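File shown: target-v9.pdb. Contents: PDB, C-alpha atoms.
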ATOM      1  CA  MET K  13       7.237  15.725  11.680
ATOM      2  CA  LEU K  14       9.795  13.481  10.036
ATOM      3  CA  ALA K  15      12.751  15.440  11.434
ATOM      4  CA  PHE K  16      11.264  15.200  14.923
ATOM      5  CA  ALA K  17      10.646  11.487  14.527
ATOM      6  CA  VAL K  18      14.241  10.805  13.477
ATOM      7  CA  ASN K  19      15.542  12.606  16.552
ATOM      8  CA  THR K  20      13.648  10.281  18.880
ATOM      9  CA  PHE K  21      15.397   7.112  17.746
ATOM     10  CA  ALA K  22      18.578   7.588  19.748
ATOM     11  CA  ALA K  23      16.565   7.612  22.964
ATOM     12  CA  GLU K  24      13.813   5.110  22.152
ATOM     13  CA  LYS K  25      15.519   2.798  19.632
ATOM     14  CA  LYS K  26      12.155   1.909  18.094
ATOM     15  CA  LEU K  27      10.339   3.096  15.029
ATOM     16  CA  LYS K  28       6.775   4.032  15.967
ATOM     17  CA  VAL K  29       4.504   2.442  13.357
ATOM     18  CA  LEU K  30       0.721   2.794  13.118
ATOM     19  CA  LEU K  31      -1.035   0.011  11.185
ATOM     20  CA  VAL K  32      -4.669   0.771  10.287
ATOM     21  CA  ALA K  33      -6.536  -2.215   8.858
ATOM     22  CA  GLY K  34     -10.033  -3.504   8.240
ATOM     23  CA  GLY K  35     -12.890  -3.491   5.792
ATOM     24  CA  CYS K  36     -14.085  -5.510   2.868
ATOM     25  CA  CYS K  37     -12.860  -8.671   1.310
ATOM     26  CA  HIS K  38      -9.720  -9.642   3.227
ATOM     27  CA  ASP K  39      -8.590 -11.541   6.338
ATOM     28  CA  TYR K  40      -7.319  -8.444   8.130
ATOM     29  CA  GLU K  41      -7.417 -10.073  11.543
ATOM     30  CA  ALA K  42      -4.750 -12.550  10.444
ATOM     31  CA  GLN K  43      -2.857 -10.137   8.208
ATOM     32  CA  THR K  44      -2.382  -7.498  10.906
ATOM     33  CA  LYS K  45      -0.669 -10.127  13.054
ATOM     34  CA  LEU K  46       1.506 -11.259  10.149
ATOM     35  CA  LEU K  47       2.526  -7.680   9.355
ATOM     36  CA  LYS K  48       3.169  -6.685  12.954
ATOM     37  CA  ASP K  49       5.260  -9.786  13.648
ATOM     38  CA  GLY K  50       7.085  -9.515  10.322
ATOM     39  CA  ILE K  51       8.030  -5.863  10.821
ATOM     40  CA  GLU K  52       9.063  -6.197  14.458
ATOM     41  CA  LYS K  53      11.136  -9.277  13.625
ATOM     42  CA  ARG K  54      13.128  -7.421  10.965
ATOM     43  CA  ILE K  55      13.722  -3.980  12.496
ATOM     44  CA  SER K  56      13.541  -2.193  15.809
ATOM     45  CA  ALA K  57       9.931  -1.095  15.652
ATOM     46  CA  ASP K  58       6.820  -0.910  17.774
ATOM     47  CA  VAL K  59       3.749  -1.545  15.607
ATOM     48  CA  THR K  60       0.434  -0.284  16.991
ATOM     49  CA  VAL K  61      -2.527  -1.950  15.284
ATOM     50  CA  VAL K  62      -5.859  -0.176  14.841
ATOM     51  CA  PHE K  63      -8.190  -2.884  13.531
ATOM     52  CA  ASN K  64     -11.876  -2.630  12.668
ATOM     53  CA  PRO K  65     -13.453  -6.093  12.275
ATOM     54  CA  SER K  66     -16.194  -4.699  10.026
ATOM     55  CA  LYS K  67     -16.330  -6.477   6.668
ATOM     56  CA  GLY K  68     -18.016  -3.734   4.669
ATOM     57  CA  THR K  69     -16.702  -1.257   2.144
ATOM     58  CA  ASP K  70     -18.139   1.427   4.454
ATOM     59  CA  THR K  71     -15.673   0.580   7.226
ATOM     60  CA  ARG K  72     -14.474   3.653   9.116
ATOM     61  CA  PHE K  73     -11.843   4.114  11.817
ATOM     62  CA  GLU K  74     -12.428   6.166  14.940
ATOM     63  CA  ILE K  75      -8.798   7.263  15.035
ATOM     64  CA  TYR K  76      -9.350   9.309  11.853
ATOM     65  CA  GLU K  77     -12.008  11.441  13.558
ATOM     66  CA  SER K  78      -9.266  13.450  15.296
ATOM     67  CA  ASP K  79      -7.192  16.111  13.553
ATOM     68  CA  ASP K  80      -4.055  14.904  15.361
ATOM     69  CA  TRP K  81      -4.671  11.219  14.666
ATOM     70  CA  ALA K  82      -1.087  10.534  13.519
ATOM     71  CA  GLU K  83       0.657  12.369  16.347
ATOM     72  CA  GLY K  84       3.460  10.331  17.912
ATOM     73  CA  TYR K  85       3.909   7.973  14.954
ATOM     74  CA  ASP K  86       6.837   7.951  12.552
ATOM     75  CA  VAL K  87       4.966   6.216   9.733
ATOM     76  CA  VAL K  88       1.430   5.028   8.975
ATOM     77  CA  ILE K  89       0.567   1.794   7.169
ATOM     78  CA  HIS K  90      -2.787   2.050   5.387
ATOM     79  CA  ASP K  91      -4.204  -1.451   4.967
ATOM     80  CA  GLU K  92      -7.889  -0.581   4.895
ATOM     81  CA  CYS K  93     -10.499  -1.483   2.268
ATOM     82  CA  SER K  94     -13.063   1.321   2.468
ATOM     83  CA  ALA K  95     -14.229   2.080  -1.054
ATOM     84  CA  ALA K  96     -17.645   3.345   0.064
ATOM     85  CA  VAL K  97     -16.297   5.888   2.561
ATOM     86  CA  THR K  98     -16.666   9.124   0.620
ATOM     87  CA  GLU K  99     -17.030  11.820   3.287
ATOM     88  CA  LYS K 100     -14.600  14.472   2.123
ATOM     89  CA  PRO K 101     -13.697  15.978   5.564
ATOM     90  CA  TYR K 102     -12.896  12.470   6.851
ATOM     91  CA  VAL K 103     -10.554  11.746   3.938
ATOM     92  CA  GLU K 104      -9.011  15.207   4.130
ATOM     93  CA  ARG K 105      -8.106  14.608   7.796
ATOM     94  CA  ILE K 106      -6.215  11.485   6.770
ATOM     95  CA  LEU K 107      -4.418  13.250   3.947
ATOM     96  CA  ALA K 108      -3.566  16.305   6.053
ATOM     97  CA  ALA K 109      -1.231  14.238   8.227
ATOM     98  CA  HIS K 110       0.700  13.074   5.178
ATOM     99  CA  GLN K 111       0.725  16.539   3.629
ATOM    100  CA  SER K 112       2.325  17.771   6.847
ATOM    101  CA  GLY K 113       5.136  15.218   6.556
ATOM    102  CA  VAL K 114       4.034  11.921   8.119
ATOM    103  CA  PRO K 115       5.234   9.124   5.774
ATOM    104  CA  ALA K 116       2.855   6.408   4.604
ATOM    105  CA  VAL K 117       2.949   2.814   3.390
ATOM    106  CA  ASN K 118      -0.113   1.776   1.376
ATOM    107  CA  LEU K 119      -0.966  -1.901   0.966
ATOM    108  CA  HIS K 120      -3.275  -3.660  -1.484
ATOM    109  CA  CYS K 121      -6.882  -2.481  -1.063
ATOM    110  CA  ALA K 122      -5.795   0.902   0.269
ATOM    111  CA  MET K 123      -5.501   1.665  -3.463
ATOM    112  CA  HIS K 124      -9.256   1.125  -3.839
ATOM    113  CA  SER K 125     -10.390   3.135  -0.822
ATOM    114  CA  TYR K 126     -11.905   6.617  -0.428
ATOM    115  CA  ARG K 127     -13.031   7.081  -4.009
ATOM    116  CA  TRP K 128     -16.016   8.866  -5.464
ATOM    117  CA  GLY K 129     -17.250  10.605  -8.580
ATOM    118  CA  ASP K 130     -16.190   9.257 -11.964
ATOM    119  CA  TYR K 131     -13.173   7.524 -10.459
ATOM    120  CA  ARG K 132     -12.947   4.969 -13.264
ATOM    121  CA  GLN K 133     -11.681   7.721 -15.541
ATOM    122  CA  PRO K 134      -8.288   9.400 -14.972
ATOM    123  CA  VAL K 135      -8.766  12.035 -12.287
ATOM    124  CA  ALA K 136      -7.399  15.497 -12.975
ATOM    125  CA  PRO K 137      -4.710  16.856 -10.634
ATOM    126  CA  GLY K 138      -6.368  18.866  -7.897
ATOM    127  CA  ALA K 139      -9.847  17.540  -8.685
ATOM    128  CA  ASP K 140     -12.323  16.950  -5.877
ATOM    129  CA  ASN K 141     -11.907  13.183  -6.159
ATOM    130  CA  ALA K 142      -8.158  13.120  -6.801
ATOM    131  CA  GLY K 143      -6.765  13.555  -3.283
ATOM    132  CA  TRP K 144      -6.353   9.930  -2.237
ATOM    133  CA  TYR K 145      -4.935   8.886  -5.602
ATOM    134  CA  GLU K 146      -2.463  11.783  -5.566
ATOM    135  CA  MET K 147      -1.165  10.665  -2.169
ATOM    136  CA  ILE K 148      -0.754   7.085  -3.363
ATOM    137  CA  GLY K 149       0.759   8.047  -6.715
ATOM    138  CA  VAL K 150      -1.129   5.542  -8.881
ATOM    139  CA  GLN K 151      -4.830   5.459  -9.736
ATOM    140  CA  SER K 152      -6.319   1.963  -9.754
ATOM    141  CA  THR K 153      -9.961   0.945  -9.990
ATOM    142  CA  ALA K 154     -10.172  -2.830 -10.428
ATOM    143  CA  HIS K 155      -8.279  -6.107 -10.468
ATOM    144  CA  GLY K 156      -8.100  -9.271 -12.491
ATOM    145  CA  PRO K 157      -8.684 -12.878 -11.414
ATOM    146  CA  LYS K 158      -6.788 -14.580  -8.641
ATOM    147  CA  THR K 159      -3.932 -16.169 -10.568
ATOM    148  CA  PRO K 160      -0.144 -16.003 -10.075
ATOM    149  CA  ILE K 161       1.726 -12.801 -10.906
ATOM    150  CA  ASP K 162       5.259 -12.753 -12.311
ATOM    151  CA  LEU K 163       7.145  -9.896 -10.675
ATOM    152  CA  SER K 164       9.999  -8.023 -12.313
ATOM    153  CA  PHE K 165      12.044  -5.147 -10.957
ATOM    154  CA  GLU K 166      11.939  -1.938 -12.945
ATOM    155  CA  SER K 167      14.733  -0.226 -11.032
ATOM    156  CA  GLY K 168      17.105  -2.813  -9.590
ATOM    157  CA  ASP K 169      19.491  -0.233  -8.142
ATOM    158  CA  HIS K 170      16.870   1.385  -5.900
ATOM    159  CA  PRO K 171      17.627   0.467  -2.261
ATOM    160  CA  ILE K 172      14.081  -0.858  -1.741
ATOM    161  CA  VAL K 173      14.667  -3.642  -4.277
ATOM    162  CA  LYS K 174      18.456  -3.826  -4.443
ATOM    163  CA  GLY K 175      19.546  -7.445  -4.143
ATOM    164  CA  LEU K 176      15.986  -8.781  -4.034
ATOM    165  CA  GLN K 177      15.109 -11.508  -6.508
ATOM    166  CA  PRO K 178      11.993 -11.416  -8.697
ATOM    167  CA  TRP K 179       9.464 -14.093  -7.870
ATOM    168  CA  LYS K 180       6.155 -15.547  -8.928
ATOM    169  CA  THR K 181       3.344 -15.064  -6.459
ATOM    170  CA  ILE K 182       0.688 -17.530  -5.457
ATOM    171  CA  ASP K 183      -2.823 -16.745  -6.723
ATOM    172  CA  GLU K 184      -3.038 -12.968  -6.346
ATOM    173  CA  GLU K 185      -4.936  -9.967  -7.670
ATOM    174  CA  LEU K 186      -3.262  -7.730 -10.235
ATOM    175  CA  TYR K 187      -4.588  -4.210  -9.743
ATOM    176  CA  ASN K 188      -4.967  -2.172 -12.908
ATOM    177  CA  ASN K 189      -3.282   1.198 -13.553
ATOM    178  CA  VAL K 190      -5.644   3.901 -14.769
ATOM    179  CA  GLN K 191      -2.783   6.377 -14.473
ATOM    180  CA  VAL K 192       0.632   6.703 -12.876
ATOM    181  CA  PHE K 193       1.230  10.215 -11.538
ATOM    182  CA  SER K 194       4.268  12.274 -12.460
ATOM    183  CA  GLY K 195       5.913  12.105  -9.027
ATOM    184  CA  THR K 196       5.802   8.318  -8.944
ATOM    185  CA  SER K 197       8.885   6.111  -9.303
ATOM    186  CA  VAL K 198       8.083   2.589 -10.488
ATOM    187  CA  LEU K 199       9.916  -0.210  -8.675
ATOM    188  CA  VAL K 200       8.101  -3.439  -9.573
ATOM    189  CA  ARG K 201       5.818  -4.550 -12.387
ATOM    190  CA  GLY K 202       3.629  -7.605 -12.507
ATOM    191  CA  ASP K 203       2.575  -9.789 -15.439
ATOM    192  CA  GLN K 204      -0.479 -12.001 -15.083
ATOM    193  CA  GLU K 205      -2.043 -14.479 -17.471
ATOM    194  CA  GLN K 206      -5.763 -13.853 -17.290
ATOM    195  CA  PRO K 207      -8.193 -16.493 -18.585
ATOM    196  CA  PRO K 208     -11.195 -15.264 -20.594
ATOM    197  CA  ASN K 209     -14.187 -14.304 -18.486
ATOM    198  CA  ARG K 210     -17.772 -15.425 -19.052
ATOM    199  CA  ARG K 211     -18.633 -12.461 -21.264
ATOM    200  CA  GLN K 212     -15.597 -13.044 -23.461
ATOM    201  CA  LEU K 213     -16.323 -16.757 -23.720
ATOM    202  CA  LYS K 214     -19.913 -16.024 -24.658
ATOM    203  CA  GLN K 215     -18.709 -13.799 -27.479
ATOM    204  CA  ASN K 216     -16.004 -16.240 -28.515
ATOM    205  CA  PRO K 217     -15.958 -19.781 -27.090
ATOM    206  CA  ASP K 218     -12.382 -20.138 -28.360
ATOM    207  CA  ALA K 219     -11.111 -17.017 -26.595
ATOM    208  CA  LYS K 220      -7.552 -17.416 -25.331
ATOM    209  CA  PRO K 221      -5.949 -16.158 -22.132
ATOM    210  CA  THR K 222      -4.413 -12.694 -22.295
ATOM    211  CA  LYS K 223      -1.482 -11.149 -20.482
ATOM    212  CA  ALA K 224      -2.029  -8.100 -18.311
ATOM    213  CA  THR K 225       0.794  -5.913 -17.000
ATOM    214  CA  ALA K 226       0.647  -3.335 -14.240
ATOM    215  CA  VAL K 227       2.816  -1.456 -11.771
ATOM    216  CA  VAL K 228       2.620  -3.271  -8.420
ATOM    217  CA  GLY K 229       5.257  -1.470  -6.324
ATOM    218  CA  TRP K 230       6.302   2.184  -6.351
ATOM    219  CA  THR K 231       7.281   5.292  -4.397
ATOM    220  CA  ASN K 232       5.804   8.768  -4.455
ATOM    221  CA  LEU K 233       6.717  12.195  -3.116
ATOM    222  CA  TYR K 234       3.522  13.806  -1.868
ATOM    223  CA  GLY K 235       2.457  17.325  -1.088
ATOM    224  CA  PRO K 236       4.384  20.510  -0.381
ATOM    225  CA  LYS K 237       6.851  18.720   1.886
ATOM    226  CA  GLU K 238       7.388  15.889  -0.607
ATOM    227  CA  THR K 239       6.419  13.341   2.017
ATOM    228  CA  ARG K 240       7.762   9.882   1.252
ATOM    229  CA  ILE K 241       5.052   7.405   0.279
ATOM    230  CA  PHE K 242       5.634   3.718  -0.522
ATOM    231  CA  SER K 243       2.891   1.516  -1.967
ATOM    232  CA  THR K 244       2.343  -2.005  -3.217
ATOM    233  CA  SER K 245      -0.895  -3.398  -4.591
ATOM    234  CA  LEU K 246       0.155  -6.935  -3.658
ATOM    235  CA  GLY K 247      -1.197  -8.571  -0.528
ATOM    236  CA  HIS K 248      -4.624 -10.103  -1.033
ATOM    237  CA  GLN K 249      -3.823 -13.575   0.254
ATOM    238  CA  ASN K 250      -2.552 -14.465   3.715
ATOM    239  CA  GLY K 251       0.003 -16.656   1.964
ATOM    240  CA  THR K 252       1.416 -13.603   0.226
ATOM    241  CA  VAL K 253       1.476 -11.458   3.351
ATOM    242  CA  LYS K 254       3.377 -14.091   5.328
ATOM    243  CA  ASP K 255       5.860 -14.696   2.494
ATOM    244  CA  ASP K 256       9.324 -13.548   3.617
ATOM    245  CA  ARG K 257       9.911 -11.982   0.204
ATOM    246  CA  TYR K 258       6.799  -9.842   0.565
ATOM    247  CA  LEU K 259       7.631  -8.839   4.127
ATOM    248  CA  ASP K 260      11.213  -7.953   3.165
ATOM    249  CA  PHE K 261       9.852  -5.752   0.371
ATOM    250  CA  VAL K 262       7.295  -4.006   2.587
ATOM    251  CA  VAL K 263       9.792  -3.414   5.391
ATOM    252  CA  ARG K 264      12.288  -1.913   2.969
ATOM    253  CA  GLY K 265       9.552   0.376   1.694
ATOM    254  CA  LEU K 266       8.748   1.391   5.255
ATOM    255  CA  LEU K 267      12.415   2.094   5.963
ATOM    256  CA  TRP K 268      12.720   4.170   2.801
ATOM    257  CA  ALA K 269       9.614   6.153   3.739
ATOM    258  CA  THR K 270      11.128   7.030   7.117
ATOM    259  CA  ASP K 271      14.597   7.707   5.660
ATOM    260  CA  HIS K 272      16.132   4.709   7.434
ATOM    261  CA  LEU K 273      17.115   2.613   4.432
ATOM    262  CA  GLN K 274      20.763   2.504   3.422
ATOM    263  CA  ASP K 275      21.925   2.347  -0.187
ATOM    264  CA  ASP K 276      22.549  -1.399   0.010
ATOM    265  CA  GLY K 277      18.988  -2.090   1.204
ATOM    266  CA  SER K 278      19.850  -2.609   4.865
ATOM    267  CA  PRO K 279      18.288  -0.651   7.738
ATOM    268  CA  SER K 280      20.125   2.265   9.276
ATOM    269  CA  ASP K 281      22.000   1.638  12.511
ATOM    270  CA  ALA K 282      19.261   3.494  14.411
ATOM    271  CA  VAL K 283      16.641   0.826  13.681
ATOM    272  CA  ALA K 284      18.726  -2.267  12.884
ATOM    273  CA  LYS K 285      18.211  -5.299  15.117
TER
END

Kindly transcribe the structure held in the file into structure tokens.
Amino acid sequence: MLAFAVNTFAAEKKLKVLLVAGGCCHDYEAQTKLLKDGIEKRISADVTVVFNPSKGTDTRFEIYESDDWAEGYDVVIHDECSAAVTEKPYVERILAAHQSGVPAVNLHCAMHSYRWGDYRQPVAPGADNAGWYEMIGVQSTAHGPKTPIDLSFESGDHPIVKGLQPWKTIDEELYNNVQVFSGTSVLVRGDQEQPPNRRQLKQNPDAKPTKATAVVGWTNLYGPKETRIFSTSLGHQNGTVKDDRYLDFVVRGLLWATDHLQDDGSPSDAVAK
């Protein structure tokens, strides 16, 4: 699929991007517009948005009901928040496209979607409930309070982050790391000062804030074809999604996933604007 997609650029001059978004807890209506505009402003791309306005964790997407749902797209951005969708054939249809070679970009609550069983414990490779986490490359189950996150680059010479400057986010959610899978390459870590919660204060009224650290940006090679997968758990707030630094990071991840990112972090000639 990827080889075919690359061959179409000379004729069409646009990267075909599918953005699937909707579900619980986020302003996806605004964020889909911010992402579409931000991507199309930076590279030669045509972003098709599939948006479900449902606000529940049981949000589903009609496009995933077809076995060939990803046909014609060069990369898929998963920006859904569907934790309560646990129908295995439905999830397997999504994963099958990526196993066959369609790259993916996973944003924020995509990390907390399609989970079942004892997902709060590290899932075993190949387990019934491991599929979505294995595609993403990191298993996460929860997040801390909405407070700023200090970002630092783990691998500054990787083209996704090369030349980018670390920054401190606005109030954001730091997703935990239950486990980081073996095929995952860490790009960015986040440090967050977390104030004591009510339970901790009840136990100790003098409880102090603690620092939490987690991987917040990474790449993964997935499945038999080692499909390129880029993910970041950042992106709860509209203010983060519209931040040029965030959009630059996401677009570089998208370009890497489609093999259109040069060593210096710039897009290939085929998709440069």

Which residue is closest to Asn188 (chain K)? Choose from K:Asn64, K:Ser280, K:Ser152, K:Asn209 and count all atoms listed in the file. K:Ser152

Contacts of Asp256 (chain K) within 12 Å, only C-alpha atoms, excl. fewer than 3 positions in-chain, as a PDB file with C-alpha atoms, keeping the file's coordinate frame:
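Below you can see result01.pdb, which holds the result:
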ATOM      1  CA  LEU K  46       1.506 -11.259  10.149  1.00  0.00           C
ATOM      2  CA  LEU K  47       2.526  -7.680   9.355  1.00  0.00           C
ATOM      3  CA  ASP K  49       5.260  -9.786  13.648  1.00  0.00           C
ATOM      4  CA  GLY K  50       7.085  -9.515  10.322  1.00  0.00           C
ATOM      5  CA  ILE K  51       8.030  -5.863  10.821  1.00  0.00           C
ATOM      6  CA  LYS K  53      11.136  -9.277  13.625  1.00  0.00           C
ATOM      7  CA  ARG K  54      13.128  -7.421  10.965  1.00  0.00           C
ATOM      8  CA  LEU K 176      15.986  -8.781  -4.034  1.00  0.00           C
ATOM      9  CA  GLN K 177      15.109 -11.508  -6.508  1.00  0.00           C
ATOM     10  CA  TRP K 179       9.464 -14.093  -7.870  1.00  0.00           C
ATOM     11  CA  THR K 181       3.344 -15.064  -6.459  1.00  0.00           C
ATOM     12  CA  ASN K 250      -2.552 -14.465   3.715  1.00  0.00           C
ATOM     13  CA  GLY K 251       0.003 -16.656   1.964  1.00  0.00           C
ATOM     14  CA  THR K 252       1.416 -13.603   0.226  1.00  0.00           C
ATOM     15  CA  VAL K 253       1.476 -11.458   3.351  1.00  0.00           C
ATOM     16  CA  LEU K 259       7.631  -8.839   4.127  1.00  0.00           C
ATOM     17  CA  ASP K 260      11.213  -7.953   3.165  1.00  0.00           C
ATOM     18  CA  PHE K 261       9.852  -5.752   0.371  1.00  0.00           C
ATOM     19  CA  VAL K 262       7.295  -4.006   2.587  1.00  0.00           C
ATOM     20  CA  VAL K 263       9.792  -3.414   5.391  1.00  0.00           C
TER      21      VAL K 263
END

Could you write out as an MDAnalysis selection string the residues that the PyMOL selection byres ((chain K and resi 58) around 9) matches in the shown file? chainID K and resid 26:30 48 51:52 56:57 59:60

Quick check, in Å to one decimal: how far apart do CA of Gly168 (chain K) and CA of Leu199 (chain K) lie? 7.7 Å

Evaluate the PyMOL selection byres ((chain K and resi 192-197) around 6) here and jot the selected residues down as a PyMOL selection string. chain K and resi 149-150+191+198+230-233

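What separates CA of Ala33 (chain K) from CA of Asp91 (chain K) is a distance of 4.6 Å.
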
Under the PyMOL selection byres ((chain K and resi 265-275) around 10), which residues of this model are included? Write them out as a ChimeraX atom specification. /K:14-15,17-18,27,29,51,55,86-89,114-118,169-174,229-233,239-244,259-264,276-284

With all atoms listed in the file as the atoms that count, which of K:Ala122, K:Ala96, K:Val32, K:Ile161 lies nearest to Trp81 (chain K)? K:Val32

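Atom to atom, CA of Tyr76 (chain K) and CA of Val103 (chain K) stand 8.4 Å apart.
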
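Shortest separation to Gly235 (chain K) among K:Asp130, K:Glu41, K:Glu146, K:Glu77 occurs at residue K:Glu146, atoms counted being all atoms listed in the file.
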
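Minimum distance to Leu31 (chain K) across K:Asp203, K:Glu83, K:Glu92, K:Asp183 (counting all atoms listed in the file) occurs at K:Glu92.
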
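Minimum atom-to-atom distances from K:Glu74, K:Asp255, K:Glu185, K:Asp218 to Cys121 (chain K) were compared using all atoms listed in the file, and the lowest value belongs to K:Glu185.
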
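Proximity ranking of K:Ile75, K:Ile182, K:Ala226, K:Cys36 relative to His124 (chain K) places K:Cys36 first, based on only C-alpha atoms.
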
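Close contacts of Thr98 (chain K), defined as residues with an atom at most 9 Å away when counting only C-alpha atoms, with chain neighbours fewer than 3 positions off set aside, comprise K:Asp70, K:Ser94, K:Ala95, K:Pro101, K:Tyr102, K:Val103, K:Ser125, K:Tyr126, K:Arg127, K:Trp128.
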
Please give the centre and size of the box around region 116-134 of chain K (axis-aligned, containing every atom listed in the file, 6 Å added per side), with values in Å to one decimal and written as lines of an AutoDock Vina configuration file.
center_x = -7.2
center_y = 3.5
center_z = -5.5
size_x = 32.2
size_y = 26.3
size_z = 32.1
